[in-house]
Amino acid sequence: MRPRERTAVDPGWEVIVWNDPVNTMTYVVYVFMKVLRFDAGRAQRHMLEVHREGRSCVAREGREKAEFLQQQILLHGLQCTLQRGA
Amino acid sequence: MQLRPSSKGVVLTLARAEAHFVAHVLGRILENYESPAGDEGFTARWDGRDALRRSGAAEEDEALWMEERAAFRGAHAEALRSWRQHLAGLQGEWAEWALDRKDIEIFLLTANDHRMYLAHRYSIGEGDMESRLEEIGDDDRRMALVEIHLLAQMMEMLLPHAPV
């Protein structure tokens, strides 16, 4: 039997939400709960990370799903980009 | 402006001046949806094309995105027109404005979309958001900030009643 070949794990695409001066904290929590189906505590933690660190990685997915989430977040008025996972 | 929960959503009570001002803002949202004023750079930031480009989206994906944005606005325009007509036509001292849960969701999306439009168009930053309005010299920027703050206040009232 040949040893199992090591396959590279796809790091996926990170969905990054950026801080901005206009969106309110409450609204950002609402968008995270509605679009990403986060519970209130997780949504609050990511909102605070956006607020304090300037950005938060809210999901890591394959390209298609990541694009879908990015577009939903953009439709809700948050700043959101994708980047290749590390 | 006051809010009371109802079986279907909420009922807002507004003084006549508040109702007419909200009607004016709803009209501005509709105007901007139909023909957004401003240069290409700011509209690309507002409508998300800039974010898509920075994420490596293909040109055809960008075109599809713009169609989706147009459909999003079009789907909400009828509600905005109906609300504006209701609020602008009020004659009494107080107005009642009933919003069901779907209406609340539409209001939150369109109000925030308009806040972001104004922020991008007038380059509103952290300092502007914390400024006293009388410190803003430019009339258009001051008016933009009034709308941004008014809509934020209404959104904060409505968010606890929004469906998630």
# chains A, B, ... in the order shown; residues from 1 in each chain; ligands from 1

call {"tool": "interface_residues", "arguments": {"of": "chain A", "to": "chain B", "cutoff": "7 Å", "atoms": "only C-alpha atoms", "output": "list in words"}}
result
Pro21, Met33, Lys34, Leu74, His76, Gly77, Cys80, Thr81, Leu82 and Gln83 of chain A

call {"tool": "residues_around", "arguments": {"residues": "Val31 of chain A", "least_positions_apart": "4", "cutoff": "9 Å", "atoms": "only C-alpha atoms", "output": "list in words"}}
result
Thr26, Tyr27, Val35, Leu36, Arg37, Ala43, Ile73, His76 and Leu78 of chain A; Val164 of chain B

call {"tool": "select_by_dssp", "arguments": {"residues": "chain A", "states": "alpha helix (DSSP H)", "output": "ChimeraX atom specification"}}
result
/A:25-36,40-53,63-75

call {"tool": "residues_around", "arguments": {"residues": "Ala19 of chain B", "least_positions_apart": "3", "cutoff": "7 Å", "atoms": "only C-alpha atoms", "output": "mmCIF file with all heavy atoms, in the first residue's frame"}}
result
data_model
loop_
_atom_site.group_PDB
_atom_site.id
_atom_site.type_symbol
_atom_site.label_atom_id
_atom_site.label_comp_id
_atom_site.auth_asym_id
_atom_site.auth_seq_id
_atom_site.Cartn_x
_atom_site.Cartn_y
_atom_site.Cartn_z
ATOM 1 N N LEU B 14 -45.139 60.741 15.117
ATOM 2 C CA LEU B 14 -44.245 61.845 14.771
ATOM 3 C C LEU B 14 -45.008 63.167 14.835
ATOM 4 O O LEU B 14 -46.180 63.222 14.454
ATOM 5 C CB LEU B 14 -43.690 61.694 13.351
ATOM 6 C CG LEU B 14 -42.894 60.439 12.999
ATOM 7 C CD1 LEU B 14 -43.816 59.332 12.502
ATOM 8 C CD2 LEU B 14 -41.885 60.755 11.905
ATOM 9 N N ALA B 15 -44.327 64.208 15.299
ATOM 10 C CA ALA B 15 -44.892 65.545 15.166
ATOM 11 C C ALA B 15 -44.924 65.886 13.676
ATOM 12 O O ALA B 15 -44.159 65.325 12.889
ATOM 13 C CB ALA B 15 -44.021 66.550 15.913
ATOM 14 N N ARG B 16 -45.814 66.828 13.300
ATOM 15 C CA ARG B 16 -45.973 67.119 11.876
ATOM 16 C C ARG B 16 -44.647 67.518 11.234
ATOM 17 O O ARG B 16 -44.327 67.087 10.129
ATOM 18 C CB ARG B 16 -47.015 68.218 11.665
ATOM 19 C CG ARG B 16 -47.291 68.483 10.190
ATOM 20 C CD ARG B 16 -48.497 69.344 9.964
ATOM 21 N NE ARG B 16 -48.393 70.600 10.707
ATOM 22 C CZ ARG B 16 -49.362 71.508 10.769
ATOM 23 N NH1 ARG B 16 -50.512 71.289 10.152
ATOM 24 N NH2 ARG B 16 -49.213 72.622 11.445
ATOM 25 N N VAL B 22 -38.999 63.725 7.555
ATOM 26 C CA VAL B 22 -38.734 62.342 7.145
ATOM 27 C C VAL B 22 -39.205 62.131 5.702
ATOM 28 O O VAL B 22 -38.520 61.487 4.899
ATOM 29 C CB VAL B 22 -39.414 61.336 8.108
ATOM 30 C CG1 VAL B 22 -39.290 59.908 7.584
ATOM 31 C CG2 VAL B 22 -38.795 61.422 9.504
ATOM 32 N N ALA B 23 -40.350 62.726 5.352
ATOM 33 C CA ALA B 23 -40.838 62.627 3.966
ATOM 34 C C ALA B 23 -39.824 63.236 3.005
ATOM 35 O O ALA B 23 -39.557 62.692 1.924
ATOM 36 C CB ALA B 23 -42.185 63.326 3.833
ATOM 37 N N LEU B 87 -46.532 60.458 4.724
ATOM 38 C CA LEU B 87 -46.002 61.423 5.701
ATOM 39 C C LEU B 87 -46.108 62.859 5.199
ATOM 40 O O LEU B 87 -46.383 63.778 5.985
ATOM 41 C CB LEU B 87 -44.544 61.090 6.032
ATOM 42 C CG LEU B 87 -44.336 59.758 6.765
ATOM 43 C CD1 LEU B 87 -42.859 59.407 6.855
ATOM 44 C CD2 LEU B 87 -44.958 59.798 8.155
ATOM 45 N N ALA B 88 -45.927 63.073 3.902
ATOM 46 C CA ALA B 88 -45.967 64.444 3.371
ATOM 47 C C ALA B 88 -47.384 64.993 3.382
ATOM 48 O O ALA B 88 -47.583 66.215 3.438
ATOM 49 C CB ALA B 88 -45.405 64.467 1.954
ATOM 50 N N ALA B 95 -48.636 62.543 13.624
ATOM 51 C CA ALA B 95 -48.823 61.544 12.578
ATOM 52 C C ALA B 95 -48.498 60.173 13.126
ATOM 53 O O ALA B 95 -47.562 60.019 13.906
ATOM 54 C CB ALA B 95 -47.889 61.846 11.417
#

call {"tool": "closest_residue", "arguments": {"among": "B:Ala75, B:Leu80, B:Ile106, B:Ala17", "to": "Ile29 of chain B", "atoms": "only C-alpha atoms"}}
result
B:Leu80

call {"tool": "closest_residue", "arguments": {"among": "B:Val146, B:Leu99, B:Leu133, B:Leu30", "to": "Leu12 of chain B", "atoms": "only C-alpha atoms"}}
result
B:Leu99

call {"tool": "residues_around", "arguments": {"residues": "Ala98 of chain B", "least_positions_apart": "4", "cutoff": "8 Å", "atoms": "only C-alpha atoms", "output": "ChimeraX atom specification"}}
result
/B:9-12

call {"tool": "residues_around", "arguments": {"residues": "Ala59 of chain A", "least_positions_apart": "3", "cutoff": "9 Å", "atoms": "only C-alpha atoms", "output": "list in words"}}
result
Trp13, Glu14, Val15, Ile16, Leu36, Ala66 and Leu69 of chain A

call {"tool": "write_last_selection", "arguments": {"atoms": "N, CA, C and O atoms", "output": "compact mmCIF listing (two decimals), in the first residue's frame"}}
result
# COMPACT_ATOMS: atom_id res chain seq x y z
N TRP A 13 -11.17 31.57 1.30
CA TRP A 13 -11.19 33.02 1.19
C TRP A 13 -11.75 33.62 2.47
O TRP A 13 -12.77 33.19 2.96
N GLU A 14 -11.05 34.62 2.95
CA GLU A 14 -11.50 35.30 4.17
C GLU A 14 -12.42 36.45 3.80
O GLU A 14 -12.12 37.23 2.90
N VAL A 15 -13.54 36.54 4.52
CA VAL A 15 -14.48 37.65 4.34
C VAL A 15 -14.15 38.68 5.43
O VAL A 15 -14.30 38.39 6.62
N ILE A 16 -13.65 39.83 5.00
CA ILE A 16 -13.17 40.84 5.95
C ILE A 16 -14.13 42.02 6.00
O ILE A 16 -14.46 42.61 4.95
N LEU A 36 -24.93 36.54 8.60
CA LEU A 36 -23.99 35.46 8.92
C LEU A 36 -24.58 34.44 9.89
O LEU A 36 -23.95 33.45 10.21
N ALA A 66 -17.95 32.74 -0.29
CA ALA A 66 -17.38 33.99 0.24
C ALA A 66 -17.91 35.19 -0.55
O ALA A 66 -18.24 36.23 0.03
N LEU A 69 -21.48 35.93 0.57
CA LEU A 69 -21.53 36.62 1.87
C LEU A 69 -21.07 38.08 1.72
O LEU A 69 -21.67 38.99 2.30
